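K.L.:
Before we start, here is the structure in question, set down as structure tokens.
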Amino acid sequence: MDRDLSEEDSVVDLSFEAEGPLAPPVELLERLPSYDCLFQGGGKSIFFPPLEAPRRPPEQRCWSSFLEHSRIPVVTEEVAREALLSFVHSKCCYGSSAASDIVIQELRQQILCRYRLETFSESRISEWTFQPFTNHLVDGPRRGTSPRLWDIKVQVPPMFQEETRKFQVPHSSLVKECHRCHGRGHCKCSGCHGACMVRCPSCSGAKRRAKQPGRCQMCSGSGRHRCSTCSGRGHKTCATCKGEKKLLHFIQLVIMWKNSLFEFVSEHQLNCPGELLAKAKGENFFKDENTMVYPLVDFPLREISLASQRGIAQHSATLASRARVLQQRQTVELIPLTEVHYWYQGKTNVYYVYGTDHRVYVADYPERYCCGCTIV
């Protein structure tokens with residue numbers, strides 16, 4: 001069960017980007033028993049979600065009632081021609097006269113089923129990170145015990161919308177001297193290595209330029225020039241602590257909401273590319289959304305039933321040990337597909353009208369002026 005956090009326990013939403021995880025300070029080893037696993041290999045750990053009781057399976061569905069109320073208009077010869085004309089007008093180098101003059105000989109129609117399973121899950125990991133310490137209040141172990149990661153309540157984004165957020169775990173902070181500059185607030189300049197001066201870029205340290213009389217004007221004949229990287233100071237502000245000399249180390253909670261997708265389109269005997277049909281617009285035939293959905297074992301089309309079982313099993317196996325499933329949604333859409341056989345200038349060919357919005361796929365349009373367009 002999630003526990004309510006007091007005002008002092010509230011998590012901090014991190015809007016900054018830390019420089020990178022750091023091995024946890026030794027002083028924290030005995031103070032954070034809830035996070036002992038962070039000290040074993042890599043400083044990052046995945047926390048498994050608590051198990052939830054399974055729901056009772058739904059009652060058997062009556063698919064005949066769904067089928068009776070699902071009607072997709074038949075693609076007529078007029079609709080097929082209008083779809084081709086609309087497609088041709090969207091292409092800069094396609095002529096429209098062929099689309100107007102073709103003789104449509106046959107329409108072969110088929111209704112495909114597209115099964116889609118979406119599983120919206122939440123996973124949590126913890127990692128050590130740090131930020132410059134600016135003398136603000138330190139929420140360390142002395143203020144209380146850090147809550148376990150799955151006990152921390154946060155606002156869940158809208159279902160099926162992916163997002164990643166980072167939070168500071170309460171009571172996990174500790175101030176340490178900056179490990180990079182050793183508390184000085186600045187580091188030796190990498191350009192001059194602390195010497196403040198570098199070899200003159202004009203004369204390369206020779207004090208005079210080749211084939212020119214007199215000394216080098218840039219370095220006044222010294223062969224050395226003030227370092228432009230540090231402006232001659234010999235050091236730069238530490239990039240890790242930003243000159244603050246100390247770092248605030250804390251455990252960062254990373255929450256990832258992910259929408260896993262499984263899709264399957266029923267088989268067909270026509271030569272329309274499958275990737276187009278996977279993106280085609282269809283008519284919603286069936287929708288089931290709940291914390292957990294069950295396979296459509298009694299669906300009239302057996303390959304959809306098998307796809308439903310396979311998709312749910314895959315998501316369950318993938319997510320069971322590393323994420324909490326918040327919601328699942330499975331849908332079945334009906335996608336109309338029509339193969340149009342036509343005759344034009346003594347040759348026969350085909351094109352396809354697919355989806356409820358009558359998209360067109362044509363592999364060999366007879367009136368093209370160049371090859372610069374992509375056929376979709």
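For the structure tokens, the naming scheme is as follows: chains receive sequential letters (A, B, ...) according to their order of presentation, residues are indexed from 1 within each chain, and ligands are indexed from 1 in presentation order.
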Mind checking which residues fall within 8 Å of Glu122 (chain A), counting only C-alpha atoms, ignoring those fewer than 4 positions away in the same chain, and posting them as a VMD selection string?
P.N.:
chain A and resid 255 to 258 323 to 326
K.L.:
CA of Ile72 (chain A) and CA of Val353 (chain A) are how many Å apart?
P.N.:
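Those two atoms sit 13.6 Å apart.
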K.L.:
Compile the contact shell of Phe133 (chain A) as a count of residues only: residues with an atom at most 9 Å away, counting only C-alpha atoms, same-chain residues fewer than 6 positions apart removed.
P.N.:
9
K.L.:
Find the residues near region 211-219 of chain A: any atom within 12 Å, counting only C-alpha atoms, skip ones fewer than 4 places away on the same chain, and give them as a ChimeraX atom specification.
P.N.:
/A:197-207,223-227
K.L.:
Could you pull out the alpha helix (DSSP H) residues of region 307-373 of chain A from DSSP and send them as a list in words?
P.N.:
Ala307, Ser308, Gln309, Arg310, Gly311, Ile312, Ala313, Gln314, His315, Ser316, Ala317, Thr318 and Leu319 of chain A
K.L.:
With only C-alpha atoms as the basis for distance, which of A:Thr164, A:Thr119, A:Gly185, A:Leu276 is at the shortest distance from Ser260 (chain A)?
P.N.:
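Ranking A:Thr164, A:Thr119, A:Gly185, A:Leu276 by distance to Ser260 (chain A), first place goes to A:Thr119.
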K.L.:
Could you list, as JSON, numbers by chain, every residue within 12 Å of Gln269 (chain A), counting only C-alpha atoms and ignoring same-chain residues fewer than 5 positions away?
P.N.:
{"A": [108, 109, 110, 111, 112, 274, 337, 338, 339]}
K.L.:
From a backbone DSSP assignment, name each residue in region 125-373 of chain A labelled strand (DSSP E), as a PyMOL selection string.
P.N.:
chain A and resi 125-132+163-168+174-177+186-188+197-199+224-226+235-237+246-265+283-290+324-344+347-354+359-361
K.L.:
May I have a table of the residues of region 88-134 of chain A lying at most 12 Å from region 313-321 of chain A, giving each one's closest pair of atoms and their distance in Å to one decimal, counting only C-alpha atoms, ordered by chain and ascending residue number, as CSV?
P.N.:
residue,atom,partner,partner_atom,distance
A:Leu117,CA,A:His315,CA,9.0
A:Glu118,CA,A:His315,CA,9.0
A:Thr119,CA,A:His315,CA,7.2
A:Phe120,CA,A:Leu319,CA,10.1
A:Ser121,CA,A:Leu319,CA,7.8
A:Glu122,CA,A:Leu319,CA,9.4
A:Ser123,CA,A:Leu319,CA,9.0
A:Arg124,CA,A:Ser321,CA,11.8
K.L.:
Kindly export the residues of the current selection with C-alpha atoms, as a short mmCIF file (atom, residue, chain, number, x, y, z; two decimals), in the first residue's frame.
P.N.:
data_model
loop_
_atom_site.label_atom_id
_atom_site.label_comp_id
_atom_site.auth_asym_id
_atom_site.auth_seq_id
_atom_site.Cartn_x
_atom_site.Cartn_y
_atom_site.Cartn_z
CA LEU A 117 -2.71 -3.95 -27.83
CA GLU A 118 -1.41 -1.04 -25.76
CA THR A 119 0.03 -1.56 -22.29
CA PHE A 120 0.72 1.56 -20.24
CA SER A 121 3.24 0.82 -17.50
CA GLU A 122 5.29 2.60 -14.86
CA SER A 123 8.82 1.64 -13.88
CA ARG A 124 11.07 3.16 -11.24
#
K.L.:
Find the distance between CA of Ile102 (chain A) and CA of Thr348 (chain A) and write it in Å to one decimal.
P.N.:
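Result for CA of Ile102 (chain A) versus CA of Thr348 (chain A): 9.6 Å, one decimal.
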K.L.:
Within 7 Å of Phe286 (chain A), counting only C-alpha atoms, which residues show up once you throw out same-chain ones fewer than 4 positions away? Write them as a ChimeraX atom specification, please.
P.N.:
/A:331-333
K.L.:
Calculate how many Å separate CA of Glu283 (chain A) from CA of Ile304 (chain A), rounding to one decimal.
P.N.:
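So the two atoms, CA of Glu283 (chain A) and CA of Ile304 (chain A), lie 15.9 Å apart.
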